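Student: One file: protein.cif (mmCIF, C-alpha atoms).
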```cif
data_coords
#
loop_
_atom_site.label_atom_id
_atom_site.label_comp_id
_atom_site.auth_asym_id
_atom_site.auth_seq_id
_atom_site.Cartn_x
_atom_site.Cartn_y
_atom_site.Cartn_z
CA GLU N 1 85.80 81.80 103.38
CA VAL N 2 88.94 83.86 104.02
CA THR N 3 89.11 84.96 100.39
CA GLY N 4 85.53 86.21 100.54
CA ASP N 5 86.29 88.09 103.74
CA VAL N 6 89.35 89.74 102.16
CA VAL N 7 87.36 90.74 99.08
CA ARG N 8 84.58 92.29 101.21
CA ARG N 9 87.08 94.21 103.33
CA VAL N 10 89.03 95.46 100.32
CA GLU N 11 85.83 96.52 98.57
CA SER N 12 84.72 98.43 101.66
CA ALA N 13 88.13 100.11 102.04
CA LEU N 14 88.20 101.11 98.38
CA ARG N 15 84.68 102.53 98.62
CA LEU N 16 85.63 104.58 101.69
CA ALA N 17 88.89 105.70 100.08
CA GLN N 18 86.98 106.91 97.02
CA ALA N 19 84.56 108.84 99.24
CA VAL N 20 87.46 110.48 101.10
CA GLU N 21 89.22 111.31 97.83
CA SER N 22 86.06 112.89 96.46
CA ARG N 23 85.62 115.02 99.58
CA LEU N 24 89.28 116.09 99.44
CA ASP N 25 88.79 117.11 95.80
CA ASP N 26 85.80 119.24 96.82
CA LEU N 27 87.71 121.10 99.56
CA ARG N 28 89.06 124.17 97.86
CA SER N 29 89.68 126.68 100.65
CA ASP N 30 93.25 127.84 101.11
CA ALA N 31 92.91 127.42 104.87
CA ALA N 32 92.18 123.71 104.41
CA GLY N 33 95.18 123.21 102.10
CA PRO N 34 97.62 121.80 104.69
CA ALA N 35 95.00 119.42 106.12
CA VAL N 36 94.05 118.26 102.62
CA ALA N 37 97.70 117.62 101.75
CA ASP N 38 98.16 115.73 105.02
CA MET N 39 95.11 113.54 104.38
CA ARG N 40 96.16 112.88 100.78
CA ALA N 41 99.54 111.68 102.07
CA GLN N 42 97.82 109.49 104.67
CA LEU N 43 95.45 108.08 102.04
CA SER N 44 98.32 107.27 99.68
CA GLY N 45 100.02 105.42 102.53
CA LEU N 46 96.94 103.30 103.09
CA ILE N 47 95.64 102.61 99.58
CA TYR N 48 98.15 101.96 96.80
CA ALA N 49 99.09 99.20 94.36
CA GLY N 50 99.87 96.17 96.52
CA PHE N 51 98.29 97.55 99.72
CA VAL N 52 96.32 94.37 100.40
CA THR N 53 99.44 92.21 100.63
CA ALA N 54 101.43 94.88 102.46
CA THR N 55 98.62 95.47 104.95
CA GLY N 56 98.07 91.80 105.60
CA TYR N 57 94.98 89.93 106.69
CA ARG N 58 95.39 90.76 110.37
CA ARG N 59 95.46 94.53 109.74
CA LEU N 60 92.96 94.66 106.89
CA PRO N 61 89.91 95.04 109.19
CA HIS N 62 91.36 98.27 110.59
CA LEU N 63 91.57 100.07 107.23
CA ASP N 64 87.89 101.01 107.37
CA ARG N 65 88.37 102.64 110.77
CA TYR N 66 91.38 104.62 109.55
CA LEU N 67 89.42 105.82 106.52
CA GLN N 68 86.37 106.59 108.63
CA GLY N 69 88.71 108.61 110.83
CA MET N 70 89.61 110.67 107.79
CA GLU N 71 85.91 111.22 107.09
CA ARG N 72 85.36 112.38 110.68
CA ARG N 73 88.34 114.69 110.38
CA LEU N 74 86.82 116.19 107.24
CA ASP N 75 83.52 116.65 109.09
CA LYS N 76 85.20 118.44 111.99
CA LEU N 77 87.72 120.50 110.02
CA PRO N 78 85.41 123.49 109.35
CA GLU N 79 84.35 123.63 113.02
CA ASN N 80 87.84 124.10 114.43
CA PRO N 81 90.69 124.39 111.91
CA ALA N 82 93.12 125.44 114.68
CA ARG N 83 92.54 122.19 116.58
CA ASP N 84 93.01 120.22 113.38
CA ALA N 85 96.28 122.06 112.73
CA ALA N 86 97.53 121.35 116.26
CA ASN N 87 96.67 117.65 115.94
CA MET N 88 98.24 117.54 112.50
CA THR N 89 101.47 118.97 113.96
CA VAL N 90 101.58 116.10 116.46
CA ALA N 91 100.89 113.49 113.78
CA GLN N 92 103.50 114.93 111.42
CA ARG N 93 106.11 115.16 114.18
CA VAL N 94 105.63 111.47 114.96
CA GLU N 95 105.64 110.56 111.26
CA GLN N 96 108.94 112.40 110.84
CA ALA N 97 110.38 110.40 113.75
CA TYR N 98 109.10 107.22 112.09
CA ARG N 99 110.74 108.12 108.77
CA GLN N 100 114.00 108.88 110.58
CA ALA N 101 113.88 105.56 112.45
CA ALA N 102 113.24 103.71 109.18
CA ALA N 103 116.18 105.49 107.52
CA ASP N 104 118.43 104.79 110.51
CA LEU N 105 117.53 101.09 110.50
CA ALA N 106 118.09 100.85 106.76
CA SER N 107 121.48 102.55 106.93
CA SER N 108 122.60 100.39 109.84
CA GLY N 109 121.52 97.20 108.09
CA ARG N 110 119.44 96.21 111.14
CA GLU N 111 116.05 96.37 109.51
CA GLY N 112 115.98 92.62 109.15
CA ARG N 113 115.90 90.37 106.14
CA GLY N 114 113.27 91.85 103.86
CA GLY N 115 111.78 93.68 106.82
CA ALA N 116 111.00 90.36 108.48
CA GLY N 117 113.51 90.73 111.30
CA ARG N 118 112.73 91.94 114.81
CA SER N 119 113.53 95.56 113.94
CA GLY N 120 111.52 95.33 110.71
CA ALA N 121 108.53 93.94 112.59
CA GLY N 122 108.87 96.68 115.20
CA LEU N 123 108.98 99.31 112.48
CA THR N 124 105.85 97.86 110.90
CA GLU N 125 104.10 97.89 114.27
CA ALA N 126 105.13 101.52 114.80
CA ARG N 127 103.74 102.37 111.38
CA TRP N 128 100.32 101.04 112.42
CA MET N 129 100.60 102.83 115.74
CA LEU N 130 100.80 106.04 113.69
CA GLU N 131 97.44 105.26 112.11
CA GLU N 132 95.98 104.55 115.54
CA LEU N 133 97.41 107.86 116.76
CA ARG N 134 95.65 109.65 113.92
CA VAL N 135 92.36 108.04 114.94
CA SER N 136 93.03 109.12 118.52
CA LEU N 137 93.79 112.69 117.46
CA PHE N 138 91.11 113.26 114.84
CA ALA N 139 88.30 110.78 115.53
CA GLN N 140 88.45 109.63 119.14
CA THR N 141 84.93 108.24 119.09
CA LEU N 142 86.05 105.49 116.70
CA GLY N 143 88.40 104.14 119.35
CA THR N 144 91.82 102.56 118.99
CA VAL N 145 92.93 98.94 119.29
CA ALA N 146 95.23 99.83 122.19
CA PRO N 147 96.15 102.92 124.17
CA VAL N 148 98.19 105.22 121.94
CA SER N 149 99.83 108.61 122.29
CA GLU N 150 102.67 110.58 120.79
CA ASN N 151 104.94 109.42 123.63
CA ARG N 152 104.01 105.75 123.17
CA VAL N 153 104.82 105.83 119.47
CA LEU N 154 108.09 107.67 120.07
CA ALA N 155 109.04 105.16 122.78
CA ALA N 156 108.35 102.28 120.37
CA LEU N 157 110.59 103.96 117.80
CA ASP N 158 113.31 104.51 120.41
CA ARG N 159 113.27 100.80 121.26
CA LEU N 160 114.10 100.01 117.63
CA SER N 161 117.45 101.73 117.92
CA ALA N 162 118.31 100.11 121.25
#
```
Kindly transcribe the structure held in the file into C-alpha cells.
Tutor:
Amino acid sequence: EVTGDVVRRVESALRLAQAVESRLDDLRSDAAGPAVADMRAQLSGLIYAGFVTATGYRRLPHLDRYLQGMERRLDKLPENPARDAANMTVAQRVEQAYRQAAADLASSGREGRGGAGRSGAGLTEARWMLEELRVSLFAQTLGTVAPVSENRVLAALDRLSA
C-alpha cells in the first residue's frame, strides 16, 4: 500500500516537474531571465537523482504543492514582474542564510552524524521551511503547512547556531 502511494506521488511530482520545465523552456524574455534562473534552481533542488529518498515519505506529499506553486508563479509573472522580483529577493536572501548556516554547521562539525543529529534535523526542517516560504510568497492560495515568513525561517536558522 505504501509503495503504491509513493509511486503515485512520485509520478505526479515528475509530471508536474516536466510541465514546469517545459514552461521555463518556453519563457524567452530577457526580463523573465532572473525568475527563470531562480525557478530552475528551485526545481533542481526538488527533483534530482535520489530525491525520493532524500525527501522522505513524510515530505513527499508536499512536492506537488511546491511544484504547483511554481506553476502559479509562472502564471502571475507576466502580470507583475516587479512583485515577482521583490518576492524573489526575499526568497534568495533566506536561501543565502540557509546556505551559510549549512556551511557553518559543517565547518563546526555540529551538523550531526550523517545529518541525523539535532542540528542536521533542524537544518533539514529549515530547508523545507524555505519551500513553504516560496509558496507563501508566490502562490499564497495554495496554503502552507504552518505559518511561515522570512523572520520565522531566519529565527529557525539562528537556533541552529545556538
Student: For range 147-162 of chain N, work out the shell of residues within 12 Å, counting only C-alpha atoms and skipping chain neighbours fewer than 5 positions away, then give it as number ranges by chain.
Tutor: N: 87-112, 117-137, 140
Student: Can you pull out every residue within 8 Å of range 17-33 of chain N, counting only C-alpha atoms, but drop anything in the same chain fewer than 3 positions away, and send it as a count of residues only?
Tutor: 13
Student: How many Å separate CA of Pro34 in chain N from CA of Leu63 in chain N?
Tutor: 22.7 Å
Student: Quote the spacing between CA of His62 in chain N and CA of Ala86 in chain N in Å to one decimal place.
Tutor: 24.6 Å
Student: May I ask for the distance between CA of Arg65 in chain N and CA of Ser12 in chain N, given in Å to one decimal place?
Tutor: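 Distance reported for this atom pair: 10.7 Å.
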Student: N, CA and C atoms are what I want for range 25-55 of chain N; can you complete it accordingly and write them as a PDB file, in the coordinates of the input?
Tutor:
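Printed below is result27.pdb as written:
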```
ATOM      1  N   ASP N  25      88.841 116.354  97.053  1.00  0.00           N
ATOM      2  CA  ASP N  25      88.790 117.110  95.800  1.00  0.00           C
ATOM      3  C   ASP N  25      87.856 118.305  95.887  1.00  0.00           C
ATOM      4  N   ASP N  26      86.790 118.170  96.685  1.00  0.00           N
ATOM      5  CA  ASP N  26      85.800 119.240  96.820  1.00  0.00           C
ATOM      6  C   ASP N  26      86.250 120.357  97.757  1.00  0.00           C
ATOM      7  N   LEU N  27      87.233 120.091  98.613  1.00  0.00           N
ATOM      8  CA  LEU N  27      87.710 121.100  99.560  1.00  0.00           C
ATOM      9  C   LEU N  27      88.673 122.034  98.846  1.00  0.00           C
ATOM     10  N   ARG N  28      88.252 123.247  98.657  1.00  0.00           N
ATOM     11  CA  ARG N  28      89.060 124.170  97.860  1.00  0.00           C
ATOM     12  C   ARG N  28      89.576 125.378  98.641  1.00  0.00           C
ATOM     13  N   SER N  29      89.237 125.488  99.904  1.00  0.00           N
ATOM     14  CA  SER N  29      89.680 126.680 100.650  1.00  0.00           C
ATOM     15  C   SER N  29      91.181 126.609 100.909  1.00  0.00           C
ATOM     16  N   ASP N  30      91.812 127.771 100.849  1.00  0.00           N
ATOM     17  CA  ASP N  30      93.250 127.840 101.110  1.00  0.00           C
ATOM     18  C   ASP N  30      93.578 127.415 102.538  1.00  0.00           C
ATOM     19  N   ALA N  31      92.680 127.754 103.455  1.00  0.00           N
ATOM     20  CA  ALA N  31      92.910 127.420 104.870  1.00  0.00           C
ATOM     21  C   ALA N  31      92.955 125.900 105.075  1.00  0.00           C
ATOM     22  N   ALA N  32      92.220 125.159 104.272  1.00  0.00           N
ATOM     23  CA  ALA N  32      92.180 123.710 104.410  1.00  0.00           C
ATOM     24  C   ALA N  32      93.332 123.026 103.676  1.00  0.00           C
ATOM     25  N   GLY N  33      94.109 123.774 102.928  1.00  0.00           N
ATOM     26  CA  GLY N  33      95.180 123.210 102.100  1.00  0.00           C
ATOM     27  C   GLY N  33      96.136 122.276 102.840  1.00  0.00           C
ATOM     28  N   PRO N  34      96.701 122.696 103.980  1.00  0.00           N
ATOM     29  CA  PRO N  34      97.620 121.800 104.690  1.00  0.00           C
ATOM     30  C   PRO N  34      96.944 120.517 105.178  1.00  0.00           C
ATOM     31  N   ALA N  35      95.721 120.622 105.656  1.00  0.00           N
ATOM     32  CA  ALA N  35      95.000 119.420 106.120  1.00  0.00           C
ATOM     33  C   ALA N  35      94.712 118.496 104.948  1.00  0.00           C
ATOM     34  N   VAL N  36      94.325 119.070 103.817  1.00  0.00           N
ATOM     35  CA  VAL N  36      94.050 118.260 102.620  1.00  0.00           C
ATOM     36  C   VAL N  36      95.317 117.543 102.183  1.00  0.00           C
ATOM     37  N   ALA N  37      96.428 118.245 102.148  1.00  0.00           N
ATOM     38  CA  ALA N  37      97.700 117.620 101.750  1.00  0.00           C
ATOM     39  C   ALA N  37      98.073 116.507 102.728  1.00  0.00           C
ATOM     40  N   ASP N  38      97.868 116.737 104.009  1.00  0.00           N
ATOM     41  CA  ASP N  38      98.160 115.730 105.020  1.00  0.00           C
ATOM     42  C   ASP N  38      97.296 114.486 104.818  1.00  0.00           C
ATOM     43  N   MET N  39      96.005 114.684 104.578  1.00  0.00           N
ATOM     44  CA  MET N  39      95.110 113.540 104.380  1.00  0.00           C
ATOM     45  C   MET N  39      95.398 112.815 103.072  1.00  0.00           C
ATOM     46  N   ARG N  40      95.787 113.545 102.040  1.00  0.00           N
ATOM     47  CA  ARG N  40      96.160 112.880 100.780  1.00  0.00           C
ATOM     48  C   ARG N  40      97.385 111.981 101.007  1.00  0.00           C
ATOM     49  N   ALA N  41      98.344 112.490 101.770  1.00  0.00           N
ATOM     50  CA  ALA N  41      99.540 111.680 102.070  1.00  0.00           C
ATOM     51  C   ALA N  41      99.144 110.447 102.883  1.00  0.00           C
ATOM     52  N   GLN N  42      98.265 110.626 103.867  1.00  0.00           N
ATOM     53  CA  GLN N  42      97.820 109.490 104.670  1.00  0.00           C
ATOM     54  C   GLN N  42      97.098 108.480 103.781  1.00  0.00           C
ATOM     55  N   LEU N  43      96.212 108.961 102.925  1.00  0.00           N
ATOM     56  CA  LEU N  43      95.450 108.080 102.040  1.00  0.00           C
ATOM     57  C   LEU N  43      96.376 107.297 101.119  1.00  0.00           C
ATOM     58  N   SER N  44      97.392 107.963 100.581  1.00  0.00           N
ATOM     59  CA  SER N  44      98.320 107.270  99.680  1.00  0.00           C
ATOM     60  C   SER N  44      99.173 106.247 100.428  1.00  0.00           C
ATOM     61  N   GLY N  45      99.310 106.405 101.733  1.00  0.00           N
ATOM     62  CA  GLY N  45     100.020 105.420 102.530  1.00  0.00           C
ATOM     63  C   GLY N  45      99.166 104.241 102.930  1.00  0.00           C
ATOM     64  N   LEU N  46      97.862 104.382 102.763  1.00  0.00           N
ATOM     65  CA  LEU N  46      96.940 103.300 103.090  1.00  0.00           C
ATOM     66  C   LEU N  46      96.481 102.514 101.868  1.00  0.00           C
ATOM     67  N   ILE N  47      96.190 103.234 100.790  1.00  0.00           N
ATOM     68  CA  ILE N  47      95.640 102.610  99.580  1.00  0.00           C
ATOM     69  C   ILE N  47      96.584 102.894  98.415  1.00  0.00           C
ATOM     70  N   TYR N  48      97.189 101.843  97.902  1.00  0.00           N
ATOM     71  CA  TYR N  48      98.150 101.960  96.800  1.00  0.00           C
ATOM     72  C   TYR N  48      98.258 100.573  96.151  1.00  0.00           C
ATOM     73  N   ALA N  49      98.907 100.495  95.020  1.00  0.00           N
ATOM     74  CA  ALA N  49      99.090  99.200  94.360  1.00  0.00           C
ATOM     75  C   ALA N  49      99.839  98.268  95.311  1.00  0.00           C
ATOM     76  N   GLY N  50      99.243  97.141  95.622  1.00  0.00           N
ATOM     77  CA  GLY N  50      99.870  96.170  96.520  1.00  0.00           C
ATOM     78  C   GLY N  50      99.516  96.347  97.986  1.00  0.00           C
ATOM     79  N   PHE N  51      98.587  97.284  98.310  1.00  0.00           N
ATOM     80  CA  PHE N  51      98.290  97.550  99.720  1.00  0.00           C
ATOM     81  C   PHE N  51      97.686  96.352 100.438  1.00  0.00           C
ATOM     82  N   VAL N  52      96.969  95.502  99.734  1.00  0.00           N
ATOM     83  CA  VAL N  52      96.320  94.370 100.400  1.00  0.00           C
ATOM     84  C   VAL N  52      97.381  93.428 100.974  1.00  0.00           C
ATOM     85  N   THR N  53      98.363  93.087 100.168  1.00  0.00           N
ATOM     86  CA  THR N  53      99.440  92.210 100.630  1.00  0.00           C
ATOM     87  C   THR N  53     100.268  92.894 101.710  1.00  0.00           C
ATOM     88  N   ALA N  54     100.604  94.157 101.492  1.00  0.00           N
ATOM     89  CA  ALA N  54     101.430  94.880 102.460  1.00  0.00           C
ATOM     90  C   ALA N  54     100.693  95.059 103.794  1.00  0.00           C
ATOM     91  N   THR N  55      99.406  95.285 103.738  1.00  0.00           N
ATOM     92  CA  THR N  55      98.620  95.470 104.950  1.00  0.00           C
ATOM     93  C   THR N  55      98.483  94.156 105.701  1.00  0.00           C
TER      94      THR N  55
END
```
